[in-house]
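Presented below is the structure to which this report refers.
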Amino acid sequence: MTATQAVPAAGIRRGGPHLSGLAWLTWRQHRSAFWTGLLLLAAFAAFVITQRSDMVAYIEAHHLAGCVYQSPESRCEGVNAFRGHFYNLMHYTGLLISFVPLVIGVFLGGPLLSRELENGTYALSRSQSVSRTRWIAFKLGVPALVTLIGTGLLSALYTWWWRPADTLLTGMYWYQSPPFTNVGVVPAALSVLALVTGAAIGMVLRRTVAAMAITCTVSVVGWVGLNLLRPHLWPAREATAHQFTADFYGSPTPLGLYTPHAWPMDLPNKSYSSWNVDSGYLTSSGDHFTSGACGDFTEASADCLKAHDVVGVWAQYHPASHFWPMQWATTAVLLAATTAVTAFSIWWARRRA
Amino acid sequence: MNNPLHQGSRTDPAPHRTAAENEETPALEARGLGRRFRRNWALRDCDFRLPAGRICALVGPNGAGKTTLLSLAADLLEPTCGRLRVFGDSPKTPASRSRVAFVGQRKPLYPGFTVEEMLRAGRELNPGWDQAKAERLVRQGDISLHAKVGTLSGGQRTRVALALAFGKRPRLLLLDEPMSDLDPLVRHEITAALMSEVAEHGTTVLMSTHLVSEMDHVCDYLVTVTGGRVRLAGEVDVILGAHTLLMGRHQGEGLPSELAPHTVVSTDTTGHQLTALIRPRGPVAGQWAHHEPSLEELLIAYLRAPDIEPLLTPSARTGASEDAA
């Protein structure tokens, strides 16, 4: 009989970290998800390493380092060809990575607690000699730690890949998404928030499929909200230019490049990488003038602008140096939300569930 | 009418238990205990005591509040009002958590785990874990430690769930309908395993059940719940002894006047033949054949008469109900 000659329980160890107590239980319960994630990460690492070395070799061979898009330097003429070679793969890989927090929230967070509540194993774990607080701490903490490490590595790899080309690819500038939410510290913070949100929704709903569906909706709404909020998470700089003159109004193409939306294309100091948040016309008293009030940018609107005493343009923008402050500000917002959701989960687990 | 099995197993463990009974803290004590789900009271005004060392059947119709009572004792639910003490402590305390084991009706286990991993979960989460005992219980059921929990039969699942509960070395074992989905043979086997463990350690058991006839020779204590309230609580033999089944001829409408001084639980008339289950208060006048009712007859009578005055034997009374009595 196989049962009677069974090895003592401690004798067998499959692959995996040496854990004990609730850490072991939580790891064991979700180990297939964890291993799947870590294997995908390993495959991604191999992919990035080969892609990046090709790209870096191209940059070196064509002397593109330090070039900017539409640069006047002749050595930088190859930027467009470079973009043609490397843009799509990096851009769509970035888009794919944007879904990682959603996938973690829906497939790891959603079922994390709801499945246990649904099939009754919650009662099983509750009737062991561990407190509710310890239980919820490990139940959330172990997946959160694995998520943090996994998505941290993922984002580090993507950042490392993107960095040599950060000025070379229009459509992939630092403030665009991708790459903003795929690089730096934001992806890990987003993923952990999605995880704990999914878990909290599952704990309240107690139904796995419903929890996954609601988590998906909440994540998408949260994602859109975050992108709307993002430009305002760090104070923007404002630039003004008093450039309209009487001659300007008399010219046959009166507005030319000075339409507000083209601003601040020609700001000094790496203007290519400035993130134009908002812009408009400026009156002689220094007030902002609503550009829509004078209609299209035709000769007729020139008269209209002149009549309203418009003398120039203003623009609010984030320079490239705002990249890290904005990364940390975004992370702080996500972290605050994560803390609030986690506190709610602990309260609910102690009081209600 | 007495089942010889009653006599054997019920009186045998009793002497060494009753000696210590009064000094010991009761395994379970409810005072004014109630739990409401939205607007419905699942359990209300519960006052009773379960002395340590008893094997108690918790009987009542579906939805009577049995699972609610067990869940309150297992700290899966919080009471809406009143309090419950497990060996003198709140079920929330770490001491209670390690003293109580609970096996739910659906015997929840992690389906992807092997039996061995399931037992490891018990070992990792319980400081006083007894691996040898848990493994023995599993092996006695011819269950491989490497079998996936998801592939086990109902009886095997119950066995693994019980192994998890016993490995914890609980002083109070709470079982919710442990035998309900098992065939008679497995039921017998599991009951035997349960009884030998309980006999060895003097574990107190509270199990809800519908299988009164089968639990009859296993349980020495009884708590019945109907409509969220406790109706009967106490030693099975004392409760049975407090009742008499009368049979005799009776003509005319209504109850015979001789029965008026006693508590009449139920009556049944077939032609001129009257059968009445009563709680006598003193000698019964008239021409009646007296019997001690069987446990099943008693329970059915009580389930049919939900408004009858509750009966708690002295050992089942809390301080509050003693004052009132």
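How things are named: the first chain in the structure tokens is A, the next is B, and so on; residues count from 1 in each chain; ligands count from 1 in the order shown.
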
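Within the 8 Å cut-off around B:Ser180, using only C-alpha atoms and omitting residues fewer than 3 positions from it on the same chain, the listed residues are Glu177, Thr209, His210 and Leu211 of chain B.
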
Sorted by chain and rising residue number, list the residues of chain A at most 6 Å from chain B (counting only C-alpha atoms), each with its closest atom pair and distance in Å to one decimal, as a tab-separated table.
```
residue	atom	partner	partner_atom	distance
A:Ala3	CA	B:Ser144	CA	4.3
A:Gly21	CA	B:Glu124	CA	4.4
A:Gly120	CA	B:Pro108	CA	5.4
A:Thr121	CA	B:Pro108	CA	4.9
A:Gln128	CA	B:Leu125	CA	6.0
A:Ser129	CA	B:Ser98	CA	4.8
```

* Pull the strand (DSSP E) assignments for stretch 199-297 of chain B out of DSSP run on the backbone, and list those residues as number ranges by chain. => B: 204-208, 221-226, 229-235, 244-249, 263-270, 273-279, 289-291

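If you measure from each of A:Leu19, A:Val103, A:Ala137, A:Val204 to A:Ser219 using only C-alpha atoms, the closest one turns out to be A:Val103.
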
* To do: Pick out the residues sitting within 7 Å of A:Arg206, and hand them over as a count of residues only; count only C-alpha atoms, and ignore anything fewer than 2 positions along from it in its own chain.
  => 7

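The environment of stretch 36-39 of chain B within 10 Å, counting only C-alpha atoms and disregarding residues fewer than 2 places along the same chain, consists of Gly34, Trp41, Ala42, Leu43, Arg44, Thr68, Glu78, Pro79, Thr80, Cys81 and Gly228 of chain B.
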
Next, dump the selected residues to file, keeping only C-alpha atoms, as an mmCIF file, in the first residue's frame.
```cif
data_model
loop_
_atom_site.group_PDB
_atom_site.id
_atom_site.type_symbol
_atom_site.label_atom_id
_atom_site.label_comp_id
_atom_site.auth_asym_id
_atom_site.auth_seq_id
_atom_site.Cartn_x
_atom_site.Cartn_y
_atom_site.Cartn_z
ATOM 1 C CA GLY B 34 -28.551 35.931 19.206
ATOM 2 C CA TRP B 41 -33.091 36.159 13.611
ATOM 3 C CA ALA B 42 -31.251 32.911 12.857
ATOM 4 C CA LEU B 43 -30.691 32.383 16.551
ATOM 5 C CA ARG B 44 -32.317 34.160 19.458
ATOM 6 C CA THR B 68 -25.338 29.601 12.924
ATOM 7 C CA GLU B 78 -20.020 37.455 15.325
ATOM 8 C CA PRO B 79 -23.060 37.397 17.617
ATOM 9 C CA THR B 80 -25.565 40.222 17.152
ATOM 10 C CA CYS B 81 -26.299 40.145 20.864
ATOM 11 C CA GLY B 228 -33.693 29.932 16.401
#
```

* To do: List the neighbours of A:Ser191 out to 9 Å using only C-alpha atoms; skip same-chain residues closer than 3 positions along the sequence, and give me the result as an NGL selection string.
  => :A and (100-105 or 144 or 147-148 or 151 or 186-188 or 194-196)

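The space between atom CA of B:Asp181 and atom CA of B:Leu194 spans 16.3 Å.
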
* **Residues within 12 Å of A:Ala200, only C-alpha atoms, excluding chain neighbours under 2 positions, as JSON, numbers by chain** => {"A": [105, 106, 108, 109, 110, 111, 112, 113, 114, 136, 139, 140, 193, 194, 195, 196, 197, 198, 202, 203, 204, 205, 206, 207, 208, 211, 212, 214, 215, 218, 338, 339, 340, 341, 342, 343, 344, 345, 346, 347, 348, 349, 353]}

* Excluding same-chain residues fewer than 6 positions from A:Leu335, what lies within 9 Å of it counting only C-alpha atoms, as a ChimeraX atom specification? -> /A:189-190,192-193

Take the selection from the previous step and output its residues with C-alpha atoms, as a short mmCIF file (atom, residue, chain, number, x, y, z; two decimals), in the first residue's frame.
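Writing done, so here's part-v3.cif:
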```cif
data_model
loop_
_atom_site.label_atom_id
_atom_site.label_comp_id
_atom_site.auth_asym_id
_atom_site.auth_seq_id
_atom_site.Cartn_x
_atom_site.Cartn_y
_atom_site.Cartn_z
CA ALA A 189 2.60 50.46 -7.98
CA LEU A 190 -0.23 50.04 -10.50
CA VAL A 192 -0.08 46.08 -6.53
CA LEU A 193 -3.05 48.46 -6.45
#
```

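Here atom CA of A:Ala236 and atom CA of A:His318 stand 5.3 Å from one another.
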